[in-house]
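Engineer: Hey, dropping coords-v6.csv in here, CSV, N, CA and C atoms and all ligand atoms:
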```
chain,number,residue,atom,x,y,z
A,1,MET,N,85.9,149.7,43.7
A,1,MET,CA,86.2,148.5,42.9
A,1,MET,C,87.6,148.6,42.4
A,2,SER,N,88.4,147.5,42.7
A,2,SER,CA,89.9,147.6,42.5
A,2,SER,C,90.3,147.7,41.0
A,3,ASP,N,89.6,147.1,40.1
A,3,ASP,CA,90.0,147.2,38.7
A,3,ASP,C,89.3,148.2,37.9
A,4,CYS,N,88.6,149.2,38.5
A,4,CYS,CA,87.8,150.2,37.8
A,4,CYS,C,88.7,151.5,37.6
A,5,ILE,N,88.8,151.9,36.4
A,5,ILE,CA,89.7,153.0,36.1
A,5,ILE,C,89.1,154.3,36.7
A,6,PHE,N,87.8,154.5,36.7
A,6,PHE,CA,87.2,155.7,37.3
A,6,PHE,C,87.3,155.7,38.8
A,7,CYS,N,87.2,154.5,39.4
A,7,CYS,CA,87.5,154.5,40.9
A,7,CYS,C,88.9,154.9,41.2
A,8,LYS,N,89.8,154.4,40.4
A,8,LYS,CA,91.2,154.8,40.6
A,8,LYS,C,91.5,156.3,40.5
A,9,ILE,N,90.8,156.9,39.4
A,9,ILE,CA,90.9,158.3,39.3
A,9,ILE,C,90.3,159.1,40.4
A,10,ALA,N,89.1,158.7,40.8
A,10,ALA,CA,88.3,159.3,41.9
A,10,ALA,C,89.1,159.3,43.2
A,11,GLN,N,89.8,158.2,43.4
A,11,GLN,CA,90.6,158.0,44.6
A,11,GLN,C,92.0,158.6,44.5
A,12,LYS,N,92.3,159.2,43.4
A,12,LYS,CA,93.5,159.9,43.2
A,12,LYS,C,94.7,159.0,43.1
A,13,GLU,N,94.5,157.7,42.7
A,13,GLU,CA,95.6,156.8,42.5
A,13,GLU,C,96.3,157.1,41.2
A,14,ILE,N,95.5,157.6,40.2
A,14,ILE,CA,96.0,158.0,38.9
A,14,ILE,C,95.3,159.3,38.5
A,15,GLY,N,95.9,160.0,37.5
A,15,GLY,CA,95.3,161.2,36.9
A,15,GLY,C,95.2,162.4,37.8
A,16,THR,N,94.4,163.4,37.3
A,16,THR,CA,94.3,164.7,38.0
A,16,THR,C,92.8,165.1,38.1
A,17,LEU,N,92.4,165.4,39.3
A,17,LEU,CA,91.0,165.8,39.5
A,17,LEU,C,91.0,167.3,39.3
A,18,ILE,N,89.9,167.8,38.7
A,18,ILE,CA,89.7,169.3,38.6
A,18,ILE,C,88.7,169.7,39.7
A,19,TYR,N,88.0,168.8,40.3
A,19,TYR,CA,87.0,169.1,41.4
A,19,TYR,C,86.8,167.8,42.2
A,20,GLU,N,86.7,167.9,43.5
A,20,GLU,CA,86.2,166.8,44.3
A,20,GLU,C,85.6,167.3,45.6
A,21,ASP,N,84.6,166.5,46.1
A,21,ASP,CA,84.1,166.7,47.4
A,21,ASP,C,83.9,165.3,48.0
A,22,GLU,N,83.1,165.2,49.1
A,22,GLU,CA,83.0,163.9,49.7
A,22,GLU,C,82.2,162.9,48.8
A,23,LEU,N,81.4,163.4,47.9
A,23,LEU,CA,80.5,162.5,47.1
A,23,LEU,C,81.0,162.3,45.7
A,24,VAL,N,81.6,163.3,45.1
A,24,VAL,CA,81.9,163.2,43.6
A,24,VAL,C,83.3,163.7,43.3
A,25,ALA,N,83.8,163.3,42.1
A,25,ALA,CA,85.0,163.7,41.6
A,25,ALA,C,84.8,164.1,40.1
A,26,ALA,N,85.6,165.0,39.6
A,26,ALA,CA,85.5,165.4,38.2
A,26,ALA,C,86.9,165.6,37.6
A,27,PHE,N,87.0,165.2,36.3
A,27,PHE,CA,88.3,165.2,35.7
A,27,PHE,C,88.1,165.4,34.2
A,28,ASP,N,89.1,165.9,33.5
A,28,ASP,CA,89.0,166.1,32.0
A,28,ASP,C,89.0,164.7,31.3
A,29,ASP,N,88.2,164.6,30.3
A,29,ASP,CA,88.1,163.4,29.5
A,29,ASP,C,89.4,163.2,28.7
A,30,ALA,N,89.9,162.0,28.7
A,30,ALA,CA,91.2,161.7,28.0
A,30,ALA,C,91.1,161.9,26.5
A,31,ASN,N,89.9,161.8,25.9
A,31,ASN,CA,89.7,161.9,24.5
A,31,ASN,C,88.5,162.9,24.2
A,32,PRO,N,88.8,164.2,24.5
A,32,PRO,CA,87.8,165.2,24.5
A,32,PRO,C,87.0,165.4,23.2
A,33,GLN,N,85.7,165.5,23.2
A,33,GLN,CA,84.9,165.7,22.1
A,33,GLN,C,84.4,167.1,21.9
A,34,ALA,N,84.9,168.0,22.7
A,34,ALA,CA,84.6,169.4,22.7
A,34,ALA,C,85.7,170.1,23.4
A,35,PRO,N,85.8,171.5,23.2
A,35,PRO,CA,86.9,172.2,23.9
A,35,PRO,C,86.8,172.0,25.4
A,36,VAL,N,85.6,171.9,26.0
A,36,VAL,CA,85.5,171.5,27.4
A,36,VAL,C,84.8,170.2,27.4
A,37,HIS,N,85.4,169.2,28.0
A,37,HIS,CA,84.8,167.8,28.1
A,37,HIS,C,85.3,167.3,29.4
A,38,VAL,N,84.4,167.4,30.4
A,38,VAL,CA,84.7,167.0,31.8
A,38,VAL,C,83.8,165.8,32.1
A,39,LEU,N,84.4,164.9,32.9
A,39,LEU,CA,83.6,163.8,33.4
A,39,LEU,C,83.4,163.9,34.9
A,40,ILE,N,82.1,163.8,35.3
A,40,ILE,CA,81.8,163.9,36.7
A,40,ILE,C,81.3,162.6,37.2
A,41,VAL,N,81.9,162.0,38.2
A,41,VAL,CA,81.6,160.7,38.7
A,41,VAL,C,81.3,160.6,40.2
A,42,PRO,N,80.4,159.7,40.6
A,42,PRO,CA,80.3,159.5,42.0
A,42,PRO,C,81.5,158.8,42.6
A,43,LYS,N,81.9,159.1,43.8
A,43,LYS,CA,83.1,158.4,44.4
A,43,LYS,C,82.8,157.0,44.6
A,44,LYS,N,81.5,156.7,44.9
A,44,LYS,CA,81.2,155.2,45.1
A,44,LYS,C,81.0,154.6,43.8
A,45,HIS,N,81.3,153.3,43.7
A,45,HIS,CA,81.2,152.6,42.4
A,45,HIS,C,79.8,152.3,42.1
A,46,ILE,N,79.2,152.9,41.1
A,46,ILE,CA,77.9,152.5,40.6
A,46,ILE,C,78.2,152.2,39.1
A,47,GLU,N,77.7,151.1,38.6
A,47,GLU,CA,78.1,150.6,37.3
A,47,GLU,C,77.5,151.5,36.2
A,48,LYS,N,76.2,151.8,36.4
A,48,LYS,CA,75.5,152.6,35.3
A,48,LYS,C,74.2,153.3,35.9
A,49,LEU,N,73.7,154.2,35.1
A,49,LEU,CA,72.6,155.0,35.6
A,49,LEU,C,71.4,154.1,36.0
A,50,LEU,N,71.2,153.0,35.2
A,50,LEU,CA,70.1,152.1,35.5
A,50,LEU,C,70.1,151.5,36.8
A,51,ASP,N,71.3,151.4,37.4
A,51,ASP,CA,71.5,150.8,38.7
A,51,ASP,C,71.1,151.8,39.9
A,52,VAL,N,70.8,153.0,39.6
A,52,VAL,CA,70.5,154.0,40.6
A,52,VAL,C,69.0,153.8,41.0
A,53,THR,N,68.8,153.1,42.0
A,53,THR,CA,67.4,152.9,42.4
A,53,THR,C,67.1,153.3,43.9
A,54,GLN,N,68.2,153.6,44.6
A,54,GLN,CA,68.0,153.8,46.0
A,54,GLN,C,67.6,155.3,46.3
A,55,ASP,N,66.7,155.5,47.2
A,55,ASP,CA,66.3,156.8,47.6
A,55,ASP,C,67.5,157.7,48.0
A,56,GLU,N,68.4,157.0,48.6
A,56,GLU,CA,69.6,157.8,49.1
A,56,GLU,C,70.4,158.3,48.0
A,57,ASP,N,70.3,157.7,46.8
A,57,ASP,CA,71.1,158.2,45.6
A,57,ASP,C,70.5,159.4,44.9
A,58,LYS,N,69.2,159.8,45.3
A,58,LYS,CA,68.6,160.9,44.6
A,58,LYS,C,69.4,162.2,44.9
A,59,PHE,N,69.9,162.3,46.1
A,59,PHE,CA,70.7,163.5,46.4
A,59,PHE,C,71.9,163.5,45.6
A,60,LEU,N,72.6,162.4,45.5
A,60,LEU,CA,73.8,162.3,44.7
A,60,LEU,C,73.6,162.7,43.2
A,61,LEU,N,72.5,162.3,42.6
A,61,LEU,CA,72.3,162.6,41.2
A,61,LEU,C,72.0,164.1,41.1
A,62,GLY,N,71.3,164.7,41.9
A,62,GLY,CA,71.0,166.1,41.9
A,62,GLY,C,72.3,166.9,42.2
A,63,HIS,N,73.1,166.4,43.1
A,63,HIS,CA,74.4,167.1,43.4
A,63,HIS,C,75.3,167.1,42.2
A,64,ILE,N,75.3,166.0,41.5
A,64,ILE,CA,76.2,166.0,40.3
A,64,ILE,C,75.8,167.1,39.3
A,65,LEU,N,74.5,167.3,39.1
A,65,LEU,CA,74.1,168.3,38.2
A,65,LEU,C,74.4,169.7,38.7
A,66,VAL,N,74.3,169.9,40.0
A,66,VAL,CA,74.7,171.2,40.5
A,66,VAL,C,76.2,171.4,40.3
A,67,ILE,N,77.0,170.4,40.5
A,67,ILE,CA,78.5,170.5,40.3
A,67,ILE,C,78.8,170.8,38.8
A,68,ALA,N,78.0,170.1,37.9
A,68,ALA,CA,78.1,170.4,36.5
A,68,ALA,C,77.9,171.9,36.2
A,69,ASN,N,76.9,172.5,36.8
A,69,ASN,CA,76.7,173.9,36.6
A,69,ASN,C,77.9,174.7,37.1
A,70,THR,N,78.4,174.4,38.3
A,70,THR,CA,79.6,175.1,38.8
A,70,THR,C,80.8,175.0,37.9
A,71,ILE,N,81.1,173.8,37.4
A,71,ILE,CA,82.2,173.6,36.5
A,71,ILE,C,82.0,174.3,35.2
A,72,ALA,N,80.7,174.3,34.7
A,72,ALA,CA,80.4,175.1,33.4
A,72,ALA,C,80.7,176.6,33.6
A,73,ARG,N,80.4,177.1,34.8
A,73,ARG,CA,80.7,178.5,35.0
A,73,ARG,C,82.2,178.7,35.1
A,74,GLU,N,82.9,177.8,35.8
A,74,GLU,CA,84.3,178.0,36.0
A,74,GLU,C,85.0,177.9,34.6
A,75,ARG,N,84.5,177.0,33.7
A,75,ARG,CA,85.2,176.9,32.4
A,75,ARG,C,84.6,177.8,31.3
A,76,SER,N,83.8,178.8,31.8
A,76,SER,CA,83.2,179.8,30.9
A,76,SER,C,82.4,179.3,29.7
A,77,ILE,N,81.7,178.3,29.9
A,77,ILE,CA,80.8,177.8,28.9
A,77,ILE,C,79.3,177.9,29.3
A,78,ALA,N,79.1,178.4,30.5
A,78,ALA,CA,77.7,178.4,31.0
A,78,ALA,C,76.7,179.2,30.2
A,79,GLU,N,77.1,180.4,29.9
A,79,GLU,CA,76.2,181.3,29.2
A,79,GLU,C,76.0,181.0,27.7
A,80,ALA,N,77.0,180.6,27.0
A,80,ALA,CA,76.9,180.2,25.6
A,80,ALA,C,76.1,178.9,25.5
A,81,GLY,N,76.3,178.0,26.4
A,81,GLY,CA,75.5,176.7,26.4
A,81,GLY,C,76.4,175.5,26.6
A,82,TYR,N,75.9,174.5,27.2
A,82,TYR,CA,76.6,173.3,27.4
A,82,TYR,C,75.6,172.1,27.5
A,83,ARG,N,76.2,170.9,27.4
A,83,ARG,CA,75.4,169.7,27.4
A,83,ARG,C,75.9,168.8,28.4
A,84,VAL,N,74.9,168.1,29.1
A,84,VAL,CA,75.3,167.1,30.1
A,84,VAL,C,74.7,165.8,29.6
A,85,VAL,N,75.5,164.7,29.4
A,85,VAL,CA,75.1,163.5,28.8
A,85,VAL,C,75.5,162.3,29.7
A,86,VAL,N,74.6,161.4,29.8
A,86,VAL,CA,74.9,160.1,30.4
A,86,VAL,C,74.6,159.0,29.4
A,87,ASN,N,75.6,158.2,29.0
A,87,ASN,CA,75.3,157.0,28.2
A,87,ASN,C,75.1,155.8,29.1
A,88,CYS,N,74.0,155.2,28.9
A,88,CYS,CA,73.7,154.0,29.7
A,88,CYS,C,73.5,152.8,28.9
A,89,ASN,N,74.4,151.8,29.1
A,89,ASN,CA,74.3,150.5,28.4
A,89,ASN,C,74.8,150.6,27.0
A,90,ARG,N,74.8,149.5,26.3
A,90,ARG,CA,75.5,149.2,25.1
A,90,ARG,C,75.1,150.1,23.9
A,91,GLU,N,73.8,150.2,23.6
A,91,GLU,CA,73.4,150.9,22.4
A,91,GLU,C,73.6,152.4,22.6
A,92,ALA,N,73.6,152.9,23.8
A,92,ALA,CA,73.9,154.3,24.1
A,92,ALA,C,75.4,154.7,24.0
A,93,GLY,N,76.2,153.6,23.9
A,93,GLY,CA,77.6,153.8,23.8
A,93,GLY,C,78.4,153.8,25.0
A,94,GLN,N,77.9,153.3,26.2
A,94,GLN,CA,78.6,153.3,27.4
A,94,GLN,C,79.8,152.4,27.2
A,95,SER,N,81.0,152.9,27.6
A,95,SER,CA,82.2,152.1,27.4
A,95,SER,C,83.0,152.0,28.7
A,96,VAL,N,82.7,152.8,29.7
A,96,VAL,CA,83.3,152.6,31.0
A,96,VAL,C,82.2,152.4,32.0
A,97,TRP,N,82.4,151.3,32.8
A,97,TRP,CA,81.3,150.8,33.6
A,97,TRP,C,81.4,151.3,35.0
A,98,HIS,N,81.5,152.6,35.1
A,98,HIS,CA,81.4,153.4,36.4
A,98,HIS,C,80.6,154.6,36.0
A,99,LEU,N,79.4,154.8,36.6
A,99,LEU,CA,78.5,155.9,36.2
A,99,LEU,C,79.3,157.3,36.0
A,100,HIS,N,79.1,157.9,34.9
A,100,HIS,CA,79.8,159.2,34.7
A,100,HIS,C,78.8,160.1,33.9
A,101,PHE,N,78.9,161.4,34.2
A,101,PHE,CA,78.2,162.4,33.5
A,101,PHE,C,79.2,163.2,32.6
A,102,HIS,N,78.9,163.3,31.3
A,102,HIS,CA,79.8,164.1,30.5
A,102,HIS,C,79.3,165.5,30.5
A,103,LEU,N,80.2,166.5,30.7
A,103,LEU,CA,79.9,167.9,30.6
A,103,LEU,C,80.7,168.4,29.4
A,104,LEU,N,79.9,168.9,28.4
A,104,LEU,CA,80.5,169.2,27.1
A,104,LEU,C,80.1,170.7,26.8
A,105,GLY,N,81.1,171.4,26.2
A,105,GLY,CA,80.8,172.8,25.8
A,105,GLY,C,82.0,173.4,25.1
A,106,GLY,N,81.8,174.6,24.6
A,106,GLY,CA,82.8,175.4,24.0
A,106,GLY,C,82.7,175.3,22.5
A,107,ARG,N,81.7,174.7,22.0
A,107,ARG,CA,81.4,174.7,20.5
A,107,ARG,C,79.9,174.5,20.3
A,108,LYS,N,79.5,174.8,19.1
A,108,LYS,CA,78.1,174.6,18.7
A,108,LYS,C,77.8,173.1,18.7
A,109,MET,N,76.7,172.7,19.3
A,109,MET,CA,76.4,171.2,19.3
A,109,MET,C,75.2,171.0,18.3
A,110,SER,N,75.2,169.8,17.8
A,110,SER,CA,74.1,169.5,16.9
A,110,SER,C,73.1,168.6,17.6
A,111,TRP,N,71.9,168.5,17.0
A,111,TRP,CA,70.8,167.7,17.5
A,111,TRP,C,70.0,167.1,16.4
A,112,PRO,N,69.6,165.9,16.4
A,112,PRO,CA,69.8,164.9,17.4
A,112,PRO,C,71.2,164.4,17.5
A,113,PRO,N,71.6,163.8,18.7
A,113,PRO,CA,72.9,163.2,18.8
A,113,PRO,C,73.0,162.0,18.0
A,114,GLY,N,74.2,161.6,17.6
A,114,GLY,CA,74.4,160.4,16.7
A,114,GLY,C,74.2,159.1,17.5
B,1,LIG,P1,81.2,156.5,27.7
B,1,LIG,O1,81.5,156.1,26.3
B,1,LIG,O2,81.3,155.3,28.7
B,1,LIG,O3,79.9,157.3,27.9
B,1,LIG,O4,82.3,157.5,28.1
B,1,LIG,C1,83.6,157.1,28.6
B,1,LIG,C2,84.5,158.3,28.5
B,1,LIG,O5,85.6,158.0,29.3
B,1,LIG,C3,85.0,158.5,27.1
B,1,LIG,O6,84.7,159.9,26.7
B,1,LIG,C4,86.5,158.3,27.2
B,1,LIG,O7,87.3,159.2,26.4
B,1,LIG,C5,86.8,158.5,28.7
B,1,LIG,N1,87.9,157.8,29.3
B,1,LIG,C6,88.1,156.4,29.1
B,1,LIG,N2,89.2,156.1,29.8
B,1,LIG,C7,89.6,157.2,30.4
B,1,LIG,C8,90.7,157.4,31.3
B,1,LIG,O8,91.5,156.6,31.7
B,1,LIG,N3,90.9,158.7,31.7
B,1,LIG,C9,90.1,159.7,31.4
B,1,LIG,N4,90.3,161.0,31.8
B,1,LIG,N5,89.0,159.5,30.5
B,1,LIG,C10,88.8,158.3,30.1
B,2,ZN,ZN,84.4,152.4,39.7
```
Can I see the file as structure tokens?
Ligand code: 5GP
Ligand code: ZN

Structural biologist:
Amino acid sequence: MSDCIFCKIAQKEIGTLIYEDELVAAFDDANPQAPVHVLIVPKKHIEKLLDVTQDEDKFLLGHILVIANTIARERSIAEAGYRVVVNCNREAGQSVWHLHFHLLGGRKMSWPPG
């Protein structure tokens, strides 16, 4: 999608990737909410989690979680603990309309989330 900021980042038109493969890209959040705050996105434009209905996308979703584990280890937050968050739609606080998984860690988290 030509006017999507996360498509542009995933396609390396802007910004810096910390990880990429044929399916996904990852980069540091511009406004980090924890010492480690990485966004993991599919390379193909999917607006939101609710839109993932295809059988073929099941592998993609599982793959993103495996990559979250890999990045958590690389950033040394794996053993202490980390959180993976997807905000879907308005009340959850989604503000960028390209599916993204937040990987957060490096500080004590509270629960429930705000
Ligand atoms: P959401 O609120 O949709 O769940 O999360 C969107 C996230 O994208 C926010 O944490 C915000 O800081 C981040 N973000 C928005 N625009 C950019 C950008 O241009 N570059 C990067 N790296 N992060 C962005
Ligand atoms: Zn996009």

Engineer: Do you know which residues are within 6.5 Å of ligand ZN 2 (chain B) using all atoms listed in the file? Can you write them as a list in words?

Structural biologist: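 Using all atoms listed in the file, everything at most 6.5 Å from ligand ZN 2 (chain B) comes to Met1, Cys4, Ile5, Phe6, Cys7, Lys8, Lys44, His45, Ile46, Trp97, His98 and Leu99 of chain A.
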
Engineer: Sorted by chain and rising residue number, which residues of chain A lie within 7 Å of ligand LIG 1 (chain B), and what are their closest atom pairs and distances in Å to one decimal, counting all atoms listed in the file, as CSV?

Structural biologist:
```
residue,atom,partner,partner_atom,distance
A:Ile5,CA,B:LIG1,O8,6.0
A:Phe6,N,B:LIG1,O8,6.6
A:Phe27,C,B:LIG1,N4,5.5
A:Asp28,C,B:LIG1,N4,4.0
A:Asp29,C,B:LIG1,N4,3.9
A:Ala30,N,B:LIG1,N5,3.2
A:Asn31,N,B:LIG1,O7,3.7
A:Pro32,N,B:LIG1,O7,5.6
A:Gln33,N,B:LIG1,O6,6.7
A:Val85,C,B:LIG1,O3,6.9
A:Val86,C,B:LIG1,O3,5.8
A:Asn87,N,B:LIG1,O3,4.5
A:Cys88,N,B:LIG1,O3,6.3
A:Ala92,C,B:LIG1,O3,6.5
A:Gly93,C,B:LIG1,O1,4.1
A:Gln94,C,B:LIG1,O2,3.6
A:Ser95,N,B:LIG1,O2,2.7
A:Val96,N,B:LIG1,O2,3.0
A:Trp97,N,B:LIG1,O2,5.8
A:His98,N,B:LIG1,O2,6.9
A:His100,C,B:LIG1,O3,6.7
A:His102,N,B:LIG1,O3,7.0
```

Engineer: Kindly export the residues of the current selection with N, CA and C atoms, as a PDB file, in the coordinates of the input.

Structural biologist:
```pdb
ATOM      1  N   ILE A   5      88.800 151.900  36.400  1.00  0.00           N
ATOM      2  CA  ILE A   5      89.700 153.000  36.100  1.00  0.00           C
ATOM      3  C   ILE A   5      89.100 154.300  36.700  1.00  0.00           C
ATOM      4  N   PHE A   6      87.800 154.500  36.700  1.00  0.00           N
ATOM      5  CA  PHE A   6      87.200 155.700  37.300  1.00  0.00           C
ATOM      6  C   PHE A   6      87.300 155.700  38.800  1.00  0.00           C
ATOM      7  N   PHE A  27      87.000 165.200  36.300  1.00  0.00           N
ATOM      8  CA  PHE A  27      88.300 165.200  35.700  1.00  0.00           C
ATOM      9  C   PHE A  27      88.100 165.400  34.200  1.00  0.00           C
ATOM     10  N   ASP A  28      89.100 165.900  33.500  1.00  0.00           N
ATOM     11  CA  ASP A  28      89.000 166.100  32.000  1.00  0.00           C
ATOM     12  C   ASP A  28      89.000 164.700  31.300  1.00  0.00           C
ATOM     13  N   ASP A  29      88.200 164.600  30.300  1.00  0.00           N
ATOM     14  CA  ASP A  29      88.100 163.400  29.500  1.00  0.00           C
ATOM     15  C   ASP A  29      89.400 163.200  28.700  1.00  0.00           C
ATOM     16  N   ALA A  30      89.900 162.000  28.700  1.00  0.00           N
ATOM     17  CA  ALA A  30      91.200 161.700  28.000  1.00  0.00           C
ATOM     18  C   ALA A  30      91.100 161.900  26.500  1.00  0.00           C
ATOM     19  N   ASN A  31      89.900 161.800  25.900  1.00  0.00           N
ATOM     20  CA  ASN A  31      89.700 161.900  24.500  1.00  0.00           C
ATOM     21  C   ASN A  31      88.500 162.900  24.200  1.00  0.00           C
ATOM     22  N   PRO A  32      88.800 164.200  24.500  1.00  0.00           N
ATOM     23  CA  PRO A  32      87.800 165.200  24.500  1.00  0.00           C
ATOM     24  C   PRO A  32      87.000 165.400  23.200  1.00  0.00           C
ATOM     25  N   GLN A  33      85.700 165.500  23.200  1.00  0.00           N
ATOM     26  CA  GLN A  33      84.900 165.700  22.100  1.00  0.00           C
ATOM     27  C   GLN A  33      84.400 167.100  21.900  1.00  0.00           C
ATOM     28  N   VAL A  85      75.500 164.700  29.400  1.00  0.00           N
ATOM     29  CA  VAL A  85      75.100 163.500  28.800  1.00  0.00           C
ATOM     30  C   VAL A  85      75.500 162.300  29.700  1.00  0.00           C
ATOM     31  N   VAL A  86      74.600 161.400  29.800  1.00  0.00           N
ATOM     32  CA  VAL A  86      74.900 160.100  30.400  1.00  0.00           C
ATOM     33  C   VAL A  86      74.600 159.000  29.400  1.00  0.00           C
ATOM     34  N   ASN A  87      75.600 158.200  29.000  1.00  0.00           N
ATOM     35  CA  ASN A  87      75.300 157.000  28.200  1.00  0.00           C
ATOM     36  C   ASN A  87      75.100 155.800  29.100  1.00  0.00           C
ATOM     37  N   CYS A  88      74.000 155.200  28.900  1.00  0.00           N
ATOM     38  CA  CYS A  88      73.700 154.000  29.700  1.00  0.00           C
ATOM     39  C   CYS A  88      73.500 152.800  28.900  1.00  0.00           C
ATOM     40  N   ALA A  92      73.600 152.900  23.800  1.00  0.00           N
ATOM     41  CA  ALA A  92      73.900 154.300  24.100  1.00  0.00           C
ATOM     42  C   ALA A  92      75.400 154.700  24.000  1.00  0.00           C
ATOM     43  N   GLY A  93      76.200 153.600  23.900  1.00  0.00           N
ATOM     44  CA  GLY A  93      77.600 153.800  23.800  1.00  0.00           C
ATOM     45  C   GLY A  93      78.400 153.800  25.000  1.00  0.00           C
ATOM     46  N   GLN A  94      77.900 153.300  26.200  1.00  0.00           N
ATOM     47  CA  GLN A  94      78.600 153.300  27.400  1.00  0.00           C
ATOM     48  C   GLN A  94      79.800 152.400  27.200  1.00  0.00           C
ATOM     49  N   SER A  95      81.000 152.900  27.600  1.00  0.00           N
ATOM     50  CA  SER A  95      82.200 152.100  27.400  1.00  0.00           C
ATOM     51  C   SER A  95      83.000 152.000  28.700  1.00  0.00           C
ATOM     52  N   VAL A  96      82.700 152.800  29.700  1.00  0.00           N
ATOM     53  CA  VAL A  96      83.300 152.600  31.000  1.00  0.00           C
ATOM     54  C   VAL A  96      82.200 152.400  32.000  1.00  0.00           C
ATOM     55  N   TRP A  97      82.400 151.300  32.800  1.00  0.00           N
ATOM     56  CA  TRP A  97      81.300 150.800  33.600  1.00  0.00           C
ATOM     57  C   TRP A  97      81.400 151.300  35.000  1.00  0.00           C
ATOM     58  N   HIS A  98      81.500 152.600  35.100  1.00  0.00           N
ATOM     59  CA  HIS A  98      81.400 153.400  36.400  1.00  0.00           C
ATOM     60  C   HIS A  98      80.600 154.600  36.000  1.00  0.00           C
ATOM     61  N   HIS A 100      79.100 157.900  34.900  1.00  0.00           N
ATOM     62  CA  HIS A 100      79.800 159.200  34.700  1.00  0.00           C
ATOM     63  C   HIS A 100      78.800 160.100  33.900  1.00  0.00           C
ATOM     64  N   HIS A 102      78.900 163.300  31.300  1.00  0.00           N
ATOM     65  CA  HIS A 102      79.800 164.100  30.500  1.00  0.00           C
ATOM     66  C   HIS A 102      79.300 165.500  30.500  1.00  0.00           C
TER      67      HIS A 102
END
```

Engineer: Hey, can you check how far CA of Arg83 (chain A) sits from CA of Ala26 (chain A)?

Structural biologist: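 Spanning CA of Arg83 (chain A) to CA of Ala26 (chain A) is a straight-line distance of 15.4 Å.
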
Engineer: Taking the backbone alone, and naming residues the way the document does, which bits of chain A are strand (DSSP E or B) by DSSP, as a CSV table (one decimal) with N, CA and C atoms, keeping the file's coordinate frame?

Structural biologist:
```
chain,number,residue,atom,x,y,z
A,19,TYR,N,88.0,168.8,40.3
A,19,TYR,CA,87.0,169.1,41.4
A,19,TYR,C,86.8,167.8,42.2
A,20,GLU,N,86.7,167.9,43.5
A,20,GLU,CA,86.2,166.8,44.3
A,20,GLU,C,85.6,167.3,45.6
A,24,VAL,N,81.6,163.3,45.1
A,24,VAL,CA,81.9,163.2,43.6
A,24,VAL,C,83.3,163.7,43.3
A,25,ALA,N,83.8,163.3,42.1
A,25,ALA,CA,85.0,163.7,41.6
A,25,ALA,C,84.8,164.1,40.1
A,26,ALA,N,85.6,165.0,39.6
A,26,ALA,CA,85.5,165.4,38.2
A,26,ALA,C,86.9,165.6,37.6
A,27,PHE,N,87.0,165.2,36.3
A,27,PHE,CA,88.3,165.2,35.7
A,27,PHE,C,88.1,165.4,34.2
A,28,ASP,N,89.1,165.9,33.5
A,28,ASP,CA,89.0,166.1,32.0
A,28,ASP,C,89.0,164.7,31.3
A,36,VAL,N,85.6,171.9,26.0
A,36,VAL,CA,85.5,171.5,27.4
A,36,VAL,C,84.8,170.2,27.4
A,37,HIS,N,85.4,169.2,28.0
A,37,HIS,CA,84.8,167.8,28.1
A,37,HIS,C,85.3,167.3,29.4
A,38,VAL,N,84.4,167.4,30.4
A,38,VAL,CA,84.7,167.0,31.8
A,38,VAL,C,83.8,165.8,32.1
A,39,LEU,N,84.4,164.9,32.9
A,39,LEU,CA,83.6,163.8,33.4
A,39,LEU,C,83.4,163.9,34.9
A,40,ILE,N,82.1,163.8,35.3
A,40,ILE,CA,81.8,163.9,36.7
A,40,ILE,C,81.3,162.6,37.2
A,41,VAL,N,81.9,162.0,38.2
A,41,VAL,CA,81.6,160.7,38.7
A,41,VAL,C,81.3,160.6,40.2
A,42,PRO,N,80.4,159.7,40.6
A,42,PRO,CA,80.3,159.5,42.0
A,42,PRO,C,81.5,158.8,42.6
A,82,TYR,N,75.9,174.5,27.2
A,82,TYR,CA,76.6,173.3,27.4
A,82,TYR,C,75.6,172.1,27.5
A,83,ARG,N,76.2,170.9,27.4
A,83,ARG,CA,75.4,169.7,27.4
A,83,ARG,C,75.9,168.8,28.4
A,84,VAL,N,74.9,168.1,29.1
A,84,VAL,CA,75.3,167.1,30.1
A,84,VAL,C,74.7,165.8,29.6
A,85,VAL,N,75.5,164.7,29.4
A,85,VAL,CA,75.1,163.5,28.8
A,85,VAL,C,75.5,162.3,29.7
A,101,PHE,N,78.9,161.4,34.2
A,101,PHE,CA,78.2,162.4,33.5
A,101,PHE,C,79.2,163.2,32.6
A,102,HIS,N,78.9,163.3,31.3
A,102,HIS,CA,79.8,164.1,30.5
A,102,HIS,C,79.3,165.5,30.5
A,103,LEU,N,80.2,166.5,30.7
A,103,LEU,CA,79.9,167.9,30.6
A,103,LEU,C,80.7,168.4,29.4
A,104,LEU,N,79.9,168.9,28.4
A,104,LEU,CA,80.5,169.2,27.1
A,104,LEU,C,80.1,170.7,26.8
A,105,GLY,N,81.1,171.4,26.2
A,105,GLY,CA,80.8,172.8,25.8
A,105,GLY,C,82.0,173.4,25.1
```

Engineer: From the options A:Ala34, A:Val24, A:Glu74, A:Pro42, which residue's atoms come nearest to Ser110 (chain A), counting only C-alpha atoms?

Structural biologist: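 Of A:Ala34, A:Val24, A:Glu74, A:Pro42, the one nearest Ser110 (chain A) is A:Ala34, counting only C-alpha atoms.
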
Engineer: Considering only alpha helix (DSSP H) as DSSP defines it on the backbone, what residues of chain A qualify? List them as a PyMOL selection string.

Structural biologist: chain A and resi 5-10+57-74

Engineer: Can you measure CA of Leu104 (chain A) to CA of Asp3 (chain A) for me? One decimal in Å is fine.

Structural biologist: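 These atoms are spaced 26.6 Å apart.
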
Engineer: Using only C-alpha atoms, determine which residues lie at most 8 Å from Arg107 (chain A), disregarding the query and same-chain residues fewer than 2 positions distant; provide the list as a list in words.

Structural biologist: Ala34, Pro35, Gly105 and Met109 of chain A

Engineer: Which residue out of A:Leu61, A:Leu103, A:Ile67, A:Leu50 has the minimum interatomic distance to Asn89 (chain A) when all atoms listed in the file are used?

Structural biologist: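 Smallest separation from Asn89 (chain A) among the options: A:Leu50.
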
Engineer: In Å, with one decimal, what is the gap from CA of Leu23 (chain A) to CA of Ile64 (chain A)?

Structural biologist: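 Going from CA of Leu23 (chain A) over to CA of Ile64 (chain A) covers 8.8 Å.
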